[in-house]
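Trainee: Next up is a structure, given as structure tokens.
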Amino acid sequence: MFRSIPNRRLVALAAMVVGLTTSMSHAFAAYSPTLPSEPTLPTNVCRTVPATLTQSSGKLPDSVDSDISNSQPDTARIQAAINACGAGQAVRLVTSGSANAFLSGPLVLNSGVTLWVDSGVTLFASRSPVDFDNGGGNCGNAAGDGKSCYALIRLKNAASSGVVGDGIIDGRGGSVLTSGAQAGKMTWWDVANLLEATGQKQNNPRLINLIGGTNFTLYRVTLQNSPNAHVVVSGLNGFVAWGTKVLTPSLAYTEANYACAAGTMPDPAVAATKPSTCFTPATAANTDGINPVESSNVTIAYSYISTGDDHVAIKAADAAASNIYLAHNHLYYGHGVSIGSETTKGVNSVLVDDLSVDGFDDAQVNGLRIKTYDTVGGDVSNVTYSNICMRNIKQPLIFDPYYSSGKHTNSPNVHDIAISGMHVLASAKYGAGKVIFRGYNYGSTANLLTMALDNVVFDSTSFLTSAGKKGGPTQPDYATLTLGPGPVTIPFAASSANKFSIVDSRKGSTSAINCDSAFVKFPSANSPV
């Protein structure tokens, strides 16, 4: 893995999808972007801010901020440094002797300014919800519209800013809250799990929230333990995440023989009465990795993501998302590379290339999926997946317009999708795993799922489940699939009753792509093995 992409390979890929005219309503040109140059660390440092706190084994002592009057001792001086710098300059957080940590509430990053978290430094988020409350009064609780918290780092309508460095930004999602309605009773992740118990929306802060603007860079930094999504990129033109590491919950990988005893984890069936003390990825709810929302010209490259929800989620509720390139990434625990569920305004021109997904034989882990439904559905097209290696995955491929119960107001239309070169290694627990291929059919609307699969090999027999997350018809349903010219080992069978047809262009016994070097250890001390 992490191979370069020769131009001739992209040309061949484009030729493959352009040539698929027999079964698809029209040909489509594969999105063939050029990988940008690797970012660099800043050369113009405007302010250097030394640490005054000390963390050990990835933790900040509770005694530092048990008194909420000291919940965010470093916010003012970091923000003052940011405000003192102009466009093209950086604020660098550094160690000072044995001091290696900062503790902060929300920070506003200015246009053109880069925050550099140096090697050996951890920037911790406050665990006092009052510090993050944006005026709604519900931060740190499950109530209202779920929008009561500022992010730890936020930026709006700015140009050429970034967060970089070899340090760590830690959201402390598993730490006991010190203010608000759940003070002393819950952690951020306990609050997140209240949704299942009460139906109320969580109000937890993101780590990084970007709204509008152009050309943001996320480079080399480690993001972990976010109370909510780690990075949300909304309405941005030009975003690069390169060498970024997302790891949540980090303690699951730093403590030997880590295991959670009964009664120590969040229980989604009942509201918590005391803080949970142990978390698995499955109980760190809604901690998405990197979400490009209504954004364009997005590159996520050479990055590593292990988290409690979607690794990457591409969404388009109020504006389109387009020109999105995922290259040379490694994924671990998580819900997969997802498009949706909101696709109302359209998602198009997406390439996912050179990807490994290692699922740890967990029931929650997905590989590639397009998930939407007919309240938030829209057009999803010109999406190509190539050079994909997976193992230990329960659900490698999910293409489902019945992700939730809809109101039949916005019909999903998923078409012109291609998978070229995919190898799924067997799971000891789930075999080849579950796959779903569905088009959309309701009333007078019938939108066929049109896909091309070439050299898609499972090491054991995958099975086509009869129902998705929220049901739907037996599948494959309302779909036309073109298979070949390389092997496709999913046991498809055409069905006129289900409006499912196959154009079989398989010609021989091409070998599955080689995944011998695809799966690697997460590159830090806080590391899935």
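Residue numbering restarts at 1 in every chain; chains get A, B, ... in the order shown in the structure tokens, and ligands count up from 1 in that same order.
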Enumerate the residues of segment 77-172 of chain A with a DSSP assignment of helix (DSSP H, G or I), computed from the backbone, and present them as a list in words.
Mentor: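 In segment 77-172 of chain A, DSSP puts these residues in helix (DSSP H, G or I): Arg77, Ile78, Gln79, Ala80, Ala81, Ile82, Asn83, Ala84, Pro129, Val130, Asp131 and Phe132 of chain A.
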Trainee: For segment 288-295 of chain A, please output as a short mmCIF file (atom, residue, chain, number, x, y, z; two decimals) with all heavy atoms, in the first residue's frame all residues within 9 Å (counting only C-alpha atoms; exclusion window: fewer than 5 positions along the same chain).
Mentor:
data_model
loop_
_atom_site.label_atom_id
_atom_site.label_comp_id
_atom_site.auth_asym_id
_atom_site.auth_seq_id
_atom_site.Cartn_x
_atom_site.Cartn_y
_atom_site.Cartn_z
N GLY A 212 -16.91 27.33 5.87
CA GLY A 212 -16.59 28.23 4.78
C GLY A 212 -15.09 28.46 4.62
O GLY A 212 -14.26 27.91 5.34
N LEU A 223 -5.13 13.52 16.51
CA LEU A 223 -6.38 13.96 17.12
C LEU A 223 -7.00 12.76 17.82
O LEU A 223 -7.16 11.69 17.21
CB LEU A 223 -7.34 14.50 16.06
CG LEU A 223 -6.78 15.55 15.11
CD1 LEU A 223 -7.79 15.87 14.02
CD2 LEU A 223 -6.39 16.81 15.87
N SER A 226 -12.07 12.77 20.95
CA SER A 226 -13.01 13.87 20.80
C SER A 226 -14.35 13.53 21.44
O SER A 226 -14.83 12.40 21.33
CB SER A 226 -13.23 14.18 19.32
OG SER A 226 -14.13 15.26 19.17
N ASN A 228 -17.10 14.50 20.33
CA ASN A 228 -18.00 14.36 19.19
C ASN A 228 -17.11 14.15 17.95
O ASN A 228 -16.01 13.60 18.08
CB ASN A 228 -18.89 15.61 19.09
CG ASN A 228 -20.05 15.46 18.13
OD1 ASN A 228 -20.03 15.99 17.03
ND2 ASN A 228 -21.08 14.73 18.54
N ALA A 229 -17.51 14.56 16.78
CA ALA A 229 -16.69 14.38 15.59
C ALA A 229 -15.34 15.09 15.75
O ALA A 229 -15.25 16.16 16.35
CB ALA A 229 -17.42 14.93 14.37
N HIS A 230 -14.30 14.47 15.18
CA HIS A 230 -12.97 15.06 15.31
C HIS A 230 -12.77 16.26 14.40
O HIS A 230 -12.28 17.30 14.85
CB HIS A 230 -11.90 13.99 15.02
CG HIS A 230 -11.80 12.95 16.09
ND1 HIS A 230 -12.72 11.94 16.22
CD2 HIS A 230 -10.89 12.77 17.08
CE1 HIS A 230 -12.39 11.18 17.25
NE2 HIS A 230 -11.27 11.65 17.79
N VAL A 231 -13.12 16.13 13.13
CA VAL A 231 -12.96 17.23 12.17
C VAL A 231 -14.19 17.29 11.29
O VAL A 231 -14.55 16.30 10.65
CB VAL A 231 -11.71 17.04 11.28
CG1 VAL A 231 -11.54 18.23 10.34
CG2 VAL A 231 -10.46 16.81 12.11
N VAL A 232 -14.84 18.46 11.24
CA VAL A 232 -15.96 18.68 10.33
C VAL A 232 -15.61 19.87 9.45
O VAL A 232 -15.30 20.96 9.94
CB VAL A 232 -17.28 18.94 11.08
CG1 VAL A 232 -18.41 19.23 10.09
CG2 VAL A 232 -17.64 17.73 11.94
N VAL A 233 -15.64 19.63 8.14
CA VAL A 233 -15.25 20.63 7.14
C VAL A 233 -16.52 21.01 6.37
O VAL A 233 -17.00 20.23 5.54
CB VAL A 233 -14.20 20.05 6.18
CG1 VAL A 233 -13.75 21.10 5.18
CG2 VAL A 233 -13.01 19.49 6.95
N SER A 234 -17.09 22.17 6.64
CA SER A 234 -18.38 22.56 6.06
C SER A 234 -18.22 23.72 5.08
O SER A 234 -17.76 24.79 5.46
CB SER A 234 -19.37 22.97 7.17
OG SER A 234 -19.62 21.90 8.06
N GLY A 235 -18.60 23.49 3.84
CA GLY A 235 -18.62 24.56 2.85
C GLY A 235 -17.25 25.13 2.53
O GLY A 235 -17.11 26.32 2.24
N LEU A 236 -16.23 24.28 2.54
CA LEU A 236 -14.86 24.73 2.31
C LEU A 236 -14.43 24.36 0.89
O LEU A 236 -14.73 23.27 0.40
CB LEU A 236 -13.93 24.08 3.32
CG LEU A 236 -12.64 24.80 3.66
CD1 LEU A 236 -12.94 26.04 4.48
CD2 LEU A 236 -11.71 23.89 4.46
N ASN A 237 -13.72 25.24 0.23
CA ASN A 237 -13.14 24.96 -1.07
C ASN A 237 -11.63 24.84 -0.90
O ASN A 237 -10.93 25.84 -0.77
CB ASN A 237 -13.47 26.06 -2.06
CG ASN A 237 -12.89 25.79 -3.45
OD1 ASN A 237 -12.34 24.73 -3.70
ND2 ASN A 237 -13.01 26.76 -4.34
N GLY A 238 -11.14 23.60 -0.86
CA GLY A 238 -9.71 23.38 -0.68
C GLY A 238 -9.39 22.95 0.74
O GLY A 238 -9.26 23.79 1.62
N PHE A 239 -9.28 21.65 0.95
CA PHE A 239 -8.92 21.11 2.26
C PHE A 239 -7.98 19.94 2.05
O PHE A 239 -8.22 19.06 1.21
CB PHE A 239 -10.17 20.63 3.00
CG PHE A 239 -9.88 19.87 4.27
CD1 PHE A 239 -9.62 20.55 5.45
CD2 PHE A 239 -9.86 18.48 4.28
CE1 PHE A 239 -9.35 19.85 6.63
CE2 PHE A 239 -9.59 17.78 5.44
CZ PHE A 239 -9.34 18.47 6.62
N ALA A 241 -5.89 17.03 4.36
CA ALA A 241 -5.45 16.34 5.57
C ALA A 241 -4.39 15.34 5.14
O ALA A 241 -4.68 14.43 4.34
CB ALA A 241 -6.61 15.65 6.26
N VAL A 246 -6.05 9.91 13.67
CA VAL A 246 -7.24 10.03 14.52
C VAL A 246 -7.38 8.73 15.29
O VAL A 246 -7.48 7.65 14.70
CB VAL A 246 -8.50 10.30 13.68
CG1 VAL A 246 -9.73 10.39 14.57
CG2 VAL A 246 -8.34 11.58 12.86
N LEU A 247 -7.42 8.82 16.63
CA LEU A 247 -7.43 7.61 17.46
C LEU A 247 -8.33 7.81 18.67
O LEU A 247 -8.02 8.59 19.57
CB LEU A 247 -6.01 7.28 17.92
CG LEU A 247 -5.85 5.99 18.73
CD1 LEU A 247 -6.23 4.78 17.88
CD2 LEU A 247 -4.42 5.84 19.23
N ILE A 300 -7.63 13.80 1.34
CA ILE A 300 -7.24 13.14 2.59
C ILE A 300 -6.25 12.06 2.20
O ILE A 300 -6.60 11.11 1.50
CB ILE A 300 -8.46 12.55 3.32
CG1 ILE A 300 -9.50 13.65 3.62
CG2 ILE A 300 -8.02 11.86 4.62
CD1 ILE A 300 -10.81 13.12 4.17
N ILE A 305 -6.87 6.33 10.66
CA ILE A 305 -8.07 6.69 11.41
C ILE A 305 -8.65 5.45 12.09
O ILE A 305 -8.92 4.43 11.45
CB ILE A 305 -9.14 7.31 10.49
CG1 ILE A 305 -8.57 8.53 9.75
CG2 ILE A 305 -10.37 7.71 11.28
CD1 ILE A 305 -9.52 9.14 8.73
N SER A 306 -8.84 5.55 13.40
CA SER A 306 -9.50 4.51 14.19
C SER A 306 -10.40 5.22 15.19
O SER A 306 -9.92 5.94 16.07
CB SER A 306 -8.47 3.64 14.92
OG SER A 306 -9.12 2.60 15.63
N THR A 307 -11.71 5.03 15.05
CA THR A 307 -12.63 5.84 15.84
C THR A 307 -13.94 5.12 16.06
O THR A 307 -14.10 3.97 15.65
CB THR A 307 -12.83 7.20 15.15
OG1 THR A 307 -13.60 8.06 15.97
CG2 THR A 307 -13.49 7.03 13.80
N GLY A 308 -14.88 5.79 16.74
CA GLY A 308 -16.12 5.14 17.13
C GLY A 308 -17.27 5.33 16.17
O GLY A 308 -18.39 4.90 16.47
N ASP A 309 -17.04 5.95 15.03
CA ASP A 309 -18.12 6.14 14.05
C ASP A 309 -17.49 6.17 12.66
O ASP A 309 -16.46 5.52 12.45
CB ASP A 309 -18.91 7.42 14.36
CG ASP A 309 -20.37 7.32 13.93
OD1 ASP A 309 -20.60 7.10 12.73
OD2 ASP A 309 -21.26 7.47 14.77
N ASP A 310 -18.05 6.91 11.72
CA ASP A 310 -17.50 6.92 10.37
C ASP A 310 -16.04 7.36 10.37
O ASP A 310 -15.69 8.35 11.01
CB ASP A 310 -18.29 7.89 9.48
CG ASP A 310 -19.69 7.39 9.17
OD1 ASP A 310 -19.87 6.16 9.09
OD2 ASP A 310 -20.59 8.23 9.00
N HIS A 311 -15.22 6.62 9.63
CA HIS A 311 -13.84 7.10 9.42
C HIS A 311 -13.87 8.42 8.66
O HIS A 311 -13.23 9.40 9.05
CB HIS A 311 -13.05 6.09 8.60
CG HIS A 311 -12.87 4.76 9.26
ND1 HIS A 311 -13.63 3.66 8.92
CD2 HIS A 311 -12.00 4.34 10.22
CE1 HIS A 311 -13.23 2.62 9.65
NE2 HIS A 311 -12.24 3.00 10.44
N VAL A 312 -14.61 8.42 7.56
CA VAL A 312 -14.82 9.61 6.73
C VAL A 312 -16.29 9.60 6.33
O VAL A 312 -16.81 8.55 5.92
CB VAL A 312 -13.93 9.60 5.48
CG1 VAL A 312 -14.26 10.78 4.57
CG2 VAL A 312 -12.45 9.60 5.85
N ALA A 313 -16.96 10.74 6.44
CA ALA A 313 -18.36 10.83 6.01
C ALA A 313 -18.51 12.05 5.10
O ALA A 313 -18.31 13.19 5.54
CB ALA A 313 -19.29 10.94 7.21
N ILE A 314 -18.86 11.81 3.85
CA ILE A 314 -19.06 12.87 2.86
C ILE A 314 -20.55 13.17 2.81
O ILE A 314 -21.36 12.28 2.53
CB ILE A 314 -18.54 12.42 1.48
CG1 ILE A 314 -17.05 12.05 1.57
CG2 ILE A 314 -18.77 13.51 0.44
CD1 ILE A 314 -16.54 11.29 0.36
N LYS A 315 -20.92 14.43 3.06
CA LYS A 315 -22.33 14.80 3.17
C LYS A 315 -22.63 16.00 2.27
O LYS A 315 -21.74 16.81 1.98
CB LYS A 315 -22.69 15.12 4.61
CG LYS A 315 -22.49 13.98 5.60
CD LYS A 315 -22.73 14.43 7.04
CE LYS A 315 -22.49 13.33 8.05
NZ LYS A 315 -23.56 12.32 8.05
N ALA A 316 -23.92 16.12 1.90
CA ALA A 316 -24.33 17.22 1.02
C ALA A 316 -25.79 17.57 1.29
O ALA A 316 -26.66 17.34 0.45
CB ALA A 316 -24.13 16.85 -0.44
N ALA A 317 -26.06 18.14 2.45
CA ALA A 317 -27.44 18.47 2.81
C ALA A 317 -27.91 19.77 2.16
O ALA A 317 -28.98 19.83 1.56
CB ALA A 317 -27.58 18.57 4.32
N ASP A 318 -27.13 20.83 2.27
CA ASP A 318 -27.56 22.16 1.81
C ASP A 318 -26.78 22.66 0.60
O ASP A 318 -27.11 23.69 0.03
CB ASP A 318 -27.42 23.17 2.95
CG ASP A 318 -28.31 22.82 4.13
OD1 ASP A 318 -29.48 22.48 3.89
OD2 ASP A 318 -27.83 22.87 5.28
N ALA A 319 -25.72 21.98 0.23
CA ALA A 319 -24.94 22.32 -0.95
C ALA A 319 -24.22 21.05 -1.40
O ALA A 319 -24.07 20.09 -0.63
CB ALA A 319 -23.93 23.44 -0.66
N ALA A 320 -23.76 21.04 -2.63
CA ALA A 320 -23.12 19.85 -3.19
C ALA A 320 -21.74 19.61 -2.59
O ALA A 320 -21.09 20.53 -2.08
CB ALA A 320 -23.02 19.98 -4.71
N ALA A 321 -21.31 18.36 -2.65
CA ALA A 321 -19.93 17.98 -2.31
C ALA A 321 -19.31 17.35 -3.55
O ALA A 321 -19.92 16.47 -4.18
CB ALA A 321 -19.93 17.00 -1.15
N SER A 322 -18.10 17.80 -3.91
CA SER A 322 -17.52 17.30 -5.15
C SER A 322 -16.00 17.37 -5.11
O SER A 322 -15.41 18.07 -4.28
CB SER A 322 -18.03 18.13 -6.34
OG SER A 322 -17.61 19.47 -6.24
N ASN A 323 -15.38 16.64 -6.04
CA ASN A 323 -13.92 16.63 -6.19
C ASN A 323 -13.25 16.26 -4.87
O ASN A 323 -12.52 17.06 -4.27
CB ASN A 323 -13.41 17.97 -6.70
CG ASN A 323 -13.92 18.31 -8.08
OD1 ASN A 323 -14.53 17.48 -8.74
ND2 ASN A 323 -13.68 19.53 -8.51
N ILE A 324 -13.49 15.03 -4.45
CA ILE A 324 -12.99 14.54 -3.16
C ILE A 324 -12.09 13.34 -3.43
O ILE A 324 -12.50 12.38 -4.10
CB ILE A 324 -14.15 14.19 -2.22
CG1 ILE A 324 -14.94 15.46 -1.91
CG2 ILE A 324 -13.64 13.54 -0.94
CD1 ILE A 324 -16.23 15.24 -1.15
N GLY A 334 -14.01 1.41 12.97
CA GLY A 334 -14.85 2.52 12.53
C GLY A 334 -15.93 2.06 11.58
O GLY A 334 -15.99 0.88 11.20
N HIS A 335 -16.76 2.98 11.16
CA HIS A 335 -17.93 2.65 10.36
C HIS A 335 -17.71 2.84 8.87
O HIS A 335 -18.67 2.82 8.09
CB HIS A 335 -19.13 3.46 10.82
CG HIS A 335 -19.57 3.12 12.21
ND1 HIS A 335 -20.71 3.65 12.79
CD2 HIS A 335 -19.03 2.31 13.16
CE1 HIS A 335 -20.84 3.19 14.03
NE2 HIS A 335 -19.83 2.37 14.27
N LYS A 345 -28.22 17.60 -1.94
CA LYS A 345 -27.75 18.50 -3.00
C LYS A 345 -26.73 17.84 -3.94
O LYS A 345 -26.23 18.49 -4.85
CB LYS A 345 -27.16 19.76 -2.38
CG LYS A 345 -28.17 20.60 -1.61
CD LYS A 345 -29.32 21.08 -2.49
CE LYS A 345 -30.28 21.97 -1.72
NZ LYS A 345 -31.40 22.45 -2.57
N GLY A 346 -26.43 16.59 -3.69
CA GLY A 346 -25.60 15.86 -4.63
C GLY A 346 -24.16 15.69 -4.21
O GLY A 346 -23.52 16.62 -3.71
N VAL A 347 -23.64 14.48 -4.43
CA VAL A 347 -22.23 14.16 -4.23
C VAL A 347 -21.72 13.60 -5.55
O VAL A 347 -22.31 12.66 -6.10
CB VAL A 347 -22.03 13.13 -3.11
CG1 VAL A 347 -20.57 12.74 -3.00
CG2 VAL A 347 -22.57 13.65 -1.78
#
Trainee: Using only C-alpha atoms, which protein or nucleic acid residues come within 9 Å of Val350 of chain A? Drop anything in the same chain fewer than 5 positions from it, and give the result as a VMD selection string.
Mentor: chain A and resid 30 to 32 322 to 326 381 to 385
Trainee: Can you write just those residues out, N, CA, C and O atoms, as an mmCIF file, in the first residue's frame?
Mentor:
data_model
loop_
_atom_site.group_PDB
_atom_site.id
_atom_site.type_symbol
_atom_site.label_atom_id
_atom_site.label_comp_id
_atom_site.auth_asym_id
_atom_site.auth_seq_id
_atom_site.Cartn_x
_atom_site.Cartn_y
_atom_site.Cartn_z
ATOM 1 N N ALA A 30 -14.154 8.933 -15.161
ATOM 2 C CA ALA A 30 -13.645 8.771 -13.805
ATOM 3 C C ALA A 30 -12.945 10.043 -13.352
ATOM 4 O O ALA A 30 -12.181 10.653 -14.098
ATOM 5 N N TYR A 31 -13.212 10.420 -12.127
ATOM 6 C CA TYR A 31 -12.516 11.548 -11.523
ATOM 7 C C TYR A 31 -11.069 11.133 -11.293
ATOM 8 O O TYR A 31 -10.798 10.169 -10.575
ATOM 9 N N SER A 32 -10.141 11.834 -11.908
ATOM 10 C CA SER A 32 -8.724 11.453 -11.874
ATOM 11 C C SER A 32 -7.869 12.620 -11.399
ATOM 12 O O SER A 32 -7.167 13.265 -12.188
ATOM 13 N N SER A 322 -18.101 17.800 -3.907
ATOM 14 C CA SER A 322 -17.520 17.303 -5.153
ATOM 15 C C SER A 322 -15.999 17.375 -5.114
ATOM 16 O O SER A 322 -15.407 18.070 -4.280
ATOM 17 N N ASN A 323 -15.382 16.636 -6.041
ATOM 18 C CA ASN A 323 -13.923 16.627 -6.186
ATOM 19 C C ASN A 323 -13.246 16.265 -4.869
ATOM 20 O O ASN A 323 -12.519 17.057 -4.269
ATOM 21 N N ILE A 324 -13.494 15.034 -4.446
ATOM 22 C CA ILE A 324 -12.988 14.544 -3.155
ATOM 23 C C ILE A 324 -12.095 13.339 -3.431
ATOM 24 O O ILE A 324 -12.501 12.382 -4.098
ATOM 25 N N TYR A 325 -10.870 13.387 -2.905
ATOM 26 C CA TYR A 325 -9.840 12.394 -3.206
ATOM 27 C C TYR A 325 -9.287 11.838 -1.910
ATOM 28 O O TYR A 325 -8.712 12.566 -1.098
ATOM 29 N N LEU A 326 -9.453 10.539 -1.714
ATOM 30 C CA LEU A 326 -8.867 9.836 -0.577
ATOM 31 C C LEU A 326 -7.788 8.913 -1.126
ATOM 32 O O LEU A 326 -8.082 8.011 -1.934
ATOM 33 N N SER A 381 -23.062 10.275 -7.740
ATOM 34 C CA SER A 381 -22.582 9.733 -9.006
ATOM 35 C C SER A 381 -21.093 9.973 -9.181
ATOM 36 O O SER A 381 -20.484 10.771 -8.460
ATOM 37 N N ASN A 382 -20.534 9.264 -10.145
ATOM 38 C CA ASN A 382 -19.117 9.390 -10.489
ATOM 39 C C ASN A 382 -18.231 9.166 -9.269
ATOM 40 O O ASN A 382 -17.424 10.007 -8.885
ATOM 41 N N VAL A 383 -18.428 7.998 -8.658
ATOM 42 C CA VAL A 383 -17.652 7.601 -7.481
ATOM 43 C C VAL A 383 -16.864 6.347 -7.846
ATOM 44 O O VAL A 383 -17.441 5.363 -8.324
ATOM 45 N N THR A 384 -15.549 6.391 -7.645
ATOM 46 C CA THR A 384 -14.686 5.263 -7.991
ATOM 47 C C THR A 384 -13.875 4.838 -6.767
ATOM 48 O O THR A 384 -13.302 5.670 -6.071
ATOM 49 N N TYR A 385 -13.852 3.521 -6.549
ATOM 50 C CA TYR A 385 -13.029 2.927 -5.499
ATOM 51 C C TYR A 385 -12.013 2.018 -6.193
ATOM 52 O O TYR A 385 -12.396 1.135 -6.971
#
Trainee: Leaving out Gly97 of chain A and any residue of its chain fewer than 4 positions from it, which residues lie within 12 Å of it when counting only C-alpha atoms, given as a PyMOL selection string?
Mentor: chain A and resi 50-54+101+120-121
Trainee: For all heavy atoms, I'd like the residues from the last selection saved as a PDB file, in the first residue's frame.
Mentor:
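This is the output file out_3.pdb:
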ATOM      1  N   PRO A  50       5.096  28.431  25.537  1.00  0.00           N
ATOM      2  CA  PRO A  50       5.623  27.279  26.277  1.00  0.00           C
ATOM      3  C   PRO A  50       4.572  26.633  27.176  1.00  0.00           C
ATOM      4  O   PRO A  50       3.711  27.318  27.740  1.00  0.00           O
ATOM      5  CB  PRO A  50       6.744  27.888  27.109  1.00  0.00           C
ATOM      6  CG  PRO A  50       6.308  29.304  27.333  1.00  0.00           C
ATOM      7  CD  PRO A  50       5.555  29.717  26.105  1.00  0.00           C
ATOM      8  N   ALA A  51       4.656  25.321  27.323  1.00  0.00           N
ATOM      9  CA  ALA A  51       3.749  24.586  28.212  1.00  0.00           C
ATOM     10  C   ALA A  51       4.083  24.875  29.667  1.00  0.00           C
ATOM     11  O   ALA A  51       5.248  25.129  30.023  1.00  0.00           O
ATOM     12  CB  ALA A  51       3.851  23.097  27.940  1.00  0.00           C
ATOM     13  N   THR A  52       3.068  24.810  30.515  1.00  0.00           N
ATOM     14  CA  THR A  52       3.272  24.954  31.965  1.00  0.00           C
ATOM     15  C   THR A  52       2.717  23.769  32.748  1.00  0.00           C
ATOM     16  O   THR A  52       2.927  23.677  33.956  1.00  0.00           O
ATOM     17  CB  THR A  52       2.595  26.231  32.481  1.00  0.00           C
ATOM     18  OG1 THR A  52       1.194  26.175  32.208  1.00  0.00           O
ATOM     19  CG2 THR A  52       3.194  27.472  31.837  1.00  0.00           C
ATOM     20  N   LEU A  53       2.003  22.864  32.074  1.00  0.00           N
ATOM     21  CA  LEU A  53       1.412  21.692  32.719  1.00  0.00           C
ATOM     22  C   LEU A  53       2.155  20.438  32.280  1.00  0.00           C
ATOM     23  O   LEU A  53       2.840  20.430  31.259  1.00  0.00           O
ATOM     24  CB  LEU A  53      -0.069  21.569  32.367  1.00  0.00           C
ATOM     25  CG  LEU A  53      -0.963  22.758  32.711  1.00  0.00           C
ATOM     26  CD1 LEU A  53      -2.355  22.560  32.145  1.00  0.00           C
ATOM     27  CD2 LEU A  53      -1.014  22.956  34.223  1.00  0.00           C
ATOM     28  N   THR A  54       1.970  19.362  33.054  1.00  0.00           N
ATOM     29  CA  THR A  54       2.644  18.105  32.745  1.00  0.00           C
ATOM     30  C   THR A  54       1.640  16.965  32.710  1.00  0.00           C
ATOM     31  O   THR A  54       0.875  16.771  33.649  1.00  0.00           O
ATOM     32  CB  THR A  54       3.734  17.794  33.782  1.00  0.00           C
ATOM     33  OG1 THR A  54       4.677  18.878  33.805  1.00  0.00           O
ATOM     34  CG2 THR A  54       4.458  16.500  33.441  1.00  0.00           C
ATOM     35  N   ALA A 101       2.181  19.983  28.425  1.00  0.00           N
ATOM     36  CA  ALA A 101       0.742  19.957  28.181  1.00  0.00           C
ATOM     37  C   ALA A 101       0.123  21.341  28.314  1.00  0.00           C
ATOM     38  O   ALA A 101       0.599  22.203  29.069  1.00  0.00           O
ATOM     39  CB  ALA A 101       0.063  18.989  29.152  1.00  0.00           C
ATOM     40  N   GLY A 120       5.848  16.108  21.173  1.00  0.00           N
ATOM     41  CA  GLY A 120       5.923  15.980  22.625  1.00  0.00           C
ATOM     42  C   GLY A 120       4.884  16.771  23.374  1.00  0.00           C
ATOM     43  O   GLY A 120       4.765  16.654  24.595  1.00  0.00           O
ATOM     44  N   VAL A 121       4.107  17.598  22.671  1.00  0.00           N
ATOM     45  CA  VAL A 121       3.096  18.462  23.290  1.00  0.00           C
ATOM     46  C   VAL A 121       1.713  17.831  23.147  1.00  0.00           C
ATOM     47  O   VAL A 121       1.380  17.281  22.095  1.00  0.00           O
ATOM     48  CB  VAL A 121       3.092  19.856  22.641  1.00  0.00           C
ATOM     49  CG1 VAL A 121       1.897  20.678  23.095  1.00  0.00           C
ATOM     50  CG2 VAL A 121       4.393  20.582  22.964  1.00  0.00           C
TER      51      VAL A 121
END
Trainee: Rounded to one decimal, what separation in Å do you get between atom CA of Tyr402 of chain A and atom CA of Val414 of chain A?
Mentor: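 These atoms are spaced 11.9 Å apart.
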Trainee: Quote the spacing between atom CA of Asp362 of chain A and atom CA of Gln202 of chain A in Å to one decimal place.
Mentor: 24.7 Å
Trainee: What lies within 6 Å of Pro129 of chain A using only C-alpha atoms, ignoring chain neighbours under 3 positions off, as a PyMOL selection string?
Mentor: chain A and resi 132+139-140+179
Trainee: How would the residues just picked look written out with C-alpha atoms as a PDB file, in the first residue's frame?
Mentor:
ATOM      1  CA  PHE A 132     -17.903  25.429  25.425  1.00  0.00           C
ATOM      2  CA  CYS A 139     -23.639  21.937  26.343  1.00  0.00           C
ATOM      3  CA  GLY A 140     -22.787  18.738  28.205  1.00  0.00           C
ATOM      4  CA  SER A 179     -19.923  21.714  35.270  1.00  0.00           C
TER       5      SER A 179
END
Trainee: Excluding same-chain residues fewer than 6 positions from Thr280 of chain A, what lies within 9 Å of it counting only C-alpha atoms, as an NGL selection string?
Mentor: :A and (248-249 or 251-252 or 259-260 or 265 or 308)
Trainee: May I have the residues from that selection written out with N, CA, C and O atoms, as a CSV table (one decimal), in the first residue's frame?
Mentor:
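Output contents, as saved in result_28.csv:
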chain,number,residue,atom,x,y,z
A,248,THR,N,-9.4,7.1,18.7
A,248,THR,CA,-10.4,7.2,19.8
A,248,THR,C,-11.1,5.9,20.0
A,248,THR,O,-11.6,5.3,19.0
A,249,PRO,N,-11.2,5.4,21.3
A,249,PRO,CA,-10.6,6.0,22.5
A,249,PRO,C,-9.1,5.5,22.6
A,249,PRO,O,-8.8,4.3,22.5
A,251,LEU,N,-7.0,5.1,25.1
A,251,LEU,CA,-6.6,4.2,26.2
A,251,LEU,C,-6.8,2.7,25.8
A,251,LEU,O,-6.2,1.8,26.3
A,252,ALA,N,-7.8,2.5,24.9
A,252,ALA,CA,-8.0,1.1,24.4
A,252,ALA,C,-6.7,0.5,23.8
A,252,ALA,O,-6.6,-0.7,23.7
A,259,ALA,N,-9.4,-4.1,28.9
A,259,ALA,CA,-10.7,-4.7,28.9
A,259,ALA,C,-11.6,-4.0,29.8
A,259,ALA,O,-11.2,-3.4,30.8
A,260,CYS,N,-12.9,-4.0,29.5
A,260,CYS,CA,-13.9,-3.2,30.3
A,260,CYS,C,-14.7,-4.2,31.1
A,260,CYS,O,-15.4,-5.1,30.5
A,265,MET,N,-18.9,0.6,31.4
A,265,MET,CA,-19.1,1.3,30.2
A,265,MET,C,-20.4,1.9,30.1
A,265,MET,O,-21.4,1.6,30.8
A,308,GLY,N,-14.9,5.8,16.7
A,308,GLY,CA,-16.1,5.1,17.1
A,308,GLY,C,-17.3,5.3,16.2
A,308,GLY,O,-18.4,4.9,16.5
Trainee: Let me make sure I understand: among A:Asn83, A:Thr198, A:Thr489, A:Thr217, which one has the smallest atom-to-atom distance to Pro39 of chain A if we use only C-alpha atoms?
Mentor: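 Under the stated criterion, the closest residue is A:Thr217.
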